[in-house]
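Structure first, then comments.
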Amino acid sequence: MSVGDLTLEPSLLYLAAVVFLGYLVQTVTGFGSALICVTLGALAIPIEELLPMIVPLSFLQTSYVVIRHRRHIAWGLLLKRVLPVMGVGLLVGMYLFRGVAGSGLRYAFAAMVFLLAARELWRMLRADATSPGKLPTALSIAAIFGAGITHGIYASGGPLLVYATGREGLDKEQFRATLCTVWLTLNVVLVAGFALDGAYDVGRMSKVGLLMLAVPLGIVLGERLHARVDERRFKLGVYGLLILAAMSLTLK
């Protein structure tokens, strides 16, 4: 099947479905699109080829949330801690990304996803998981710095950032709007880095344009689910899916 000069390969159609799922989840929760897209997408496409296609897609969804829900952004936390610390980590991760490729990148990513998702499942299933205490400042900064590194390597800093910011007392609306502001800001840097490396030829940009069509569908359904869904059960399902996908990556 083809559209113009672009052949709709099965892997590209599969990736479009993954993109839809990823942005549905992120519109509901404020994070998860890159983690889902990279984890599930890597089952069909090498991570080093996948990332330049996935990262630009975030601009549509994050811009929508940031503009529409800007009154909920926790500017103090964002400007004083998250962006400065995570920004430094991002630059470190982008440097490290250039030295890792192939199966090593896939296995390292699978291990990270499995450990983080399993940890979140364990935490949520505990009786006291609904009221975690605030992290010590040093541990919070370390987690945010680590989130920057993983975002620079895998475009997936969400789990560590959620670990840090999820204990800052933000409500659901503040949490989503603040995290989307982070992804919008940092992904501009990532895309600029990919562009400088020559990642965006005509063929790849055509694929990005096609995948972009799946994003609004995820946003529309995600907005409807955001106000109605049982967020705890929703997250349990997402983390369970990520664990299965990480295990599949190690067998690929």
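Starting from 1 in every chain, residues are counted up; chains themselves are A, B, ... following the order of the structure tokens, and ligands are numbered from 1 as listed.
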Counting only C-alpha atoms, what are the residues of stretch 90-198 of chain A within 10 Å of stretch 239-251 of chain A, and for each of them which pair of atoms is the nearest and at what distance in Å, to one decimal? Sort the table by chain and rising number, as a Markdown table.
```
| residue | atom | partner | partner_atom | distance |
| --- | --- | --- | --- | --- |
| A:Ser103 | CA | A:Thr250 | CA | 9.1 |
| A:Arg106 | CA | A:Leu249 | CA | 7.0 |
| A:Tyr107 | CA | A:Thr250 | CA | 6.0 |
| A:Ala108 | CA | A:Thr250 | CA | 9.3 |
| A:Phe109 | CA | A:Ala246 | CA | 8.0 |
| A:Ala110 | CA | A:Ala246 | CA | 4.6 |
| A:Ala111 | CA | A:Ala246 | CA | 7.0 |
| A:Met112 | CA | A:Ala246 | CA | 8.5 |
| A:Val113 | CA | A:Ala246 | CA | 6.2 |
| A:Phe114 | CA | A:Ile243 | CA | 5.1 |
| A:Leu115 | CA | A:Ile243 | CA | 8.3 |
| A:Leu116 | CA | A:Tyr239 | CA | 8.8 |
| A:Ala117 | CA | A:Tyr239 | CA | 5.2 |
| A:Ala118 | CA | A:Ile243 | CA | 6.8 |
| A:Arg119 | CA | A:Tyr239 | CA | 9.3 |
| A:Glu120 | CA | A:Tyr239 | CA | 7.3 |
| A:Leu121 | CA | A:Tyr239 | CA | 6.5 |
```
For N, CA and C atoms, I'd like the residues from the last selection saved as a CSV table (one decimal), in the first residue's frame.
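Heads up, here's the output in out00.csv:
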```csv
chain,number,residue,atom,x,y,z
A,103,SER,N,22.0,-3.6,19.2
A,103,SER,CA,21.3,-4.4,20.3
A,103,SER,C,21.6,-3.9,21.7
A,106,ARG,N,19.1,-1.4,22.6
A,106,ARG,CA,17.8,-2.0,22.8
A,106,ARG,C,17.7,-2.8,24.2
A,107,TYR,N,18.8,-3.5,24.5
A,107,TYR,CA,18.8,-4.3,25.8
A,107,TYR,C,18.8,-3.3,27.0
A,108,ALA,N,19.6,-2.3,26.8
A,108,ALA,CA,19.7,-1.3,28.0
A,108,ALA,C,18.4,-0.6,28.2
A,109,PHE,N,17.7,-0.3,27.1
A,109,PHE,CA,16.4,0.4,27.2
A,109,PHE,C,15.4,-0.6,27.8
A,110,ALA,N,15.4,-1.8,27.3
A,110,ALA,CA,14.4,-2.8,27.8
A,110,ALA,C,14.6,-3.0,29.3
A,111,ALA,N,15.9,-3.1,29.8
A,111,ALA,CA,16.1,-3.3,31.2
A,111,ALA,C,15.6,-2.1,32.0
A,112,MET,N,15.9,-0.9,31.5
A,112,MET,CA,15.4,0.3,32.2
A,112,MET,C,13.9,0.3,32.3
A,113,VAL,N,13.2,0.1,31.2
A,113,VAL,CA,11.7,0.1,31.2
A,113,VAL,C,11.2,-1.0,32.2
A,114,PHE,N,11.8,-2.2,32.1
A,114,PHE,CA,11.3,-3.3,33.0
A,114,PHE,C,11.4,-2.9,34.5
A,115,LEU,N,12.6,-2.4,34.9
A,115,LEU,CA,12.8,-2.1,36.3
A,115,LEU,C,11.9,-1.0,36.8
A,116,LEU,N,11.8,0.1,35.9
A,116,LEU,CA,11.0,1.2,36.4
A,116,LEU,C,9.5,0.9,36.4
A,117,ALA,N,9.1,0.2,35.4
A,117,ALA,CA,7.6,-0.2,35.4
A,117,ALA,C,7.3,-1.2,36.5
A,118,ALA,N,8.2,-2.1,36.7
A,118,ALA,CA,8.0,-3.1,37.8
A,118,ALA,C,7.9,-2.4,39.2
A,119,ARG,N,8.9,-1.4,39.3
A,119,ARG,CA,8.9,-0.6,40.6
A,119,ARG,C,7.6,0.1,40.8
A,120,GLU,N,7.1,0.8,39.7
A,120,GLU,CA,5.8,1.5,39.9
A,120,GLU,C,4.6,0.6,40.1
A,121,LEU,N,4.6,-0.5,39.5
A,121,LEU,CA,3.5,-1.5,39.8
A,121,LEU,C,3.6,-1.9,41.3
```
- prompt: Please, which residues of stretch 9-252 of chain A, numbered as in this document, come out alpha helix (DSSP H) from DSSP, as a VMD selection string?
  reply: chain A and resid 10 to 29 33 to 41 47 to 54 58 to 68 75 to 77 83 to 97 102 to 125 137 to 154 158 to 165 172 to 196 202 to 212 214 to 226 231 to 251
- request: Measuring atom to atom with only C-alpha atoms, identify which of A:Ala147, A:Pro56, A:Gln61, A:Ala138 is nearest to A:Leu24.
  value: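 Distance minimum relative to A:Leu24 lands on A:Gln61.
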field: Among listed residues A:Glu9, A:Ile144, A:Gly93, A:Tyr154, nearest A:Pro46 (using only C-alpha atoms)
entry: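 That would be A:Tyr154, the residue with the smallest distance to A:Pro46.
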Can you tell me, as a PDB file with N, CA and C atoms, in the first residue's frame, what residues are no more than 9 Å from stretch 78-83 of chain A when counting only C-alpha atoms, ignoring any on the same chain fewer than 6 positions away?
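File produced: out_4.pdb:
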```
ATOM      1  N   ILE A 141      16.672  15.927  43.148  1.00  0.00           N
ATOM      2  CA  ILE A 141      17.569  16.480  42.128  1.00  0.00           C
ATOM      3  C   ILE A 141      18.269  15.360  41.363  1.00  0.00           C
ATOM      4  N   ILE A 144      15.796  13.832  38.915  1.00  0.00           N
ATOM      5  CA  ILE A 144      15.528  14.725  37.781  1.00  0.00           C
ATOM      6  C   ILE A 144      16.722  14.751  36.829  1.00  0.00           C
ATOM      7  N   PHE A 145      17.942  14.757  37.383  1.00  0.00           N
ATOM      8  CA  PHE A 145      19.147  14.705  36.555  1.00  0.00           C
ATOM      9  C   PHE A 145      19.172  13.394  35.760  1.00  0.00           C
ATOM     10  N   LEU A 161      11.274  11.296  36.084  1.00  0.00           N
ATOM     11  CA  LEU A 161      10.709  12.610  36.386  1.00  0.00           C
ATOM     12  C   LEU A 161       9.399  12.468  37.157  1.00  0.00           C
ATOM     13  N   THR A 165       8.632  14.325  40.595  1.00  0.00           N
ATOM     14  CA  THR A 165       7.590  15.356  40.666  1.00  0.00           C
ATOM     15  C   THR A 165       6.275  14.818  41.214  1.00  0.00           C
ATOM     16  N   THR A 178       2.431  20.591  33.756  1.00  0.00           N
ATOM     17  CA  THR A 178       3.850  20.839  34.040  1.00  0.00           C
ATOM     18  C   THR A 178       4.736  19.872  33.273  1.00  0.00           C
ATOM     19  N   LEU A 179       4.390  18.591  33.276  1.00  0.00           N
ATOM     20  CA  LEU A 179       5.200  17.614  32.556  1.00  0.00           C
ATOM     21  C   LEU A 179       5.182  17.862  31.048  1.00  0.00           C
ATOM     22  N   THR A 181       4.946  20.692  29.615  1.00  0.00           N
ATOM     23  CA  THR A 181       5.831  21.834  29.374  1.00  0.00           C
ATOM     24  C   THR A 181       7.284  21.382  29.323  1.00  0.00           C
ATOM     25  N   VAL A 182       7.645  20.445  30.192  1.00  0.00           N
ATOM     26  CA  VAL A 182       9.000  19.890  30.175  1.00  0.00           C
ATOM     27  C   VAL A 182       9.294  19.215  28.841  1.00  0.00           C
ATOM     28  N   THR A 185       9.711  21.650  25.910  1.00  0.00           N
ATOM     29  CA  THR A 185      10.975  22.389  25.948  1.00  0.00           C
ATOM     30  C   THR A 185      12.169  21.511  25.576  1.00  0.00           C
ATOM     31  N   LEU A 186      12.277  20.353  26.199  1.00  0.00           N
ATOM     32  CA  LEU A 186      13.449  19.509  25.979  1.00  0.00           C
ATOM     33  C   LEU A 186      13.458  18.867  24.594  1.00  0.00           C
TER      34      LEU A 186
END
```
- request: Please provide as an MDAnalysis selection string all residues within 8 Å of A:Val88, with the sequence filter that same-chain residues fewer than 3 positions apart are discarded (counting only C-alpha atoms).
  value: chainID A and resid 84:85 91:92 145 148
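The protein and nucleic acid residues lying at most 12 Å from A:Ala195 are Leu51, Pro52, Met53, Val55, Pro56, Val188, Val189, Leu190, Val191, Ala192, Gly193, Asp197, Gly198, Ala199, Tyr200, Asp201, Arg204 and Met205 of chain A, with only C-alpha atoms considered and sequence neighbours fewer than 2 positions away removed.
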Separation of atom CA of A:Tyr163 from atom CA of A:Ala143 in Å: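 Calculated distance between atom CA of A:Ala143 and atom CA of A:Tyr163 is 7.4 Å.
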field: Test item: residues at most 9 Å from A:Leu225, only C-alpha atoms, excluding those fewer than 3 positions along its chain, as a count of residues only
entry: 9
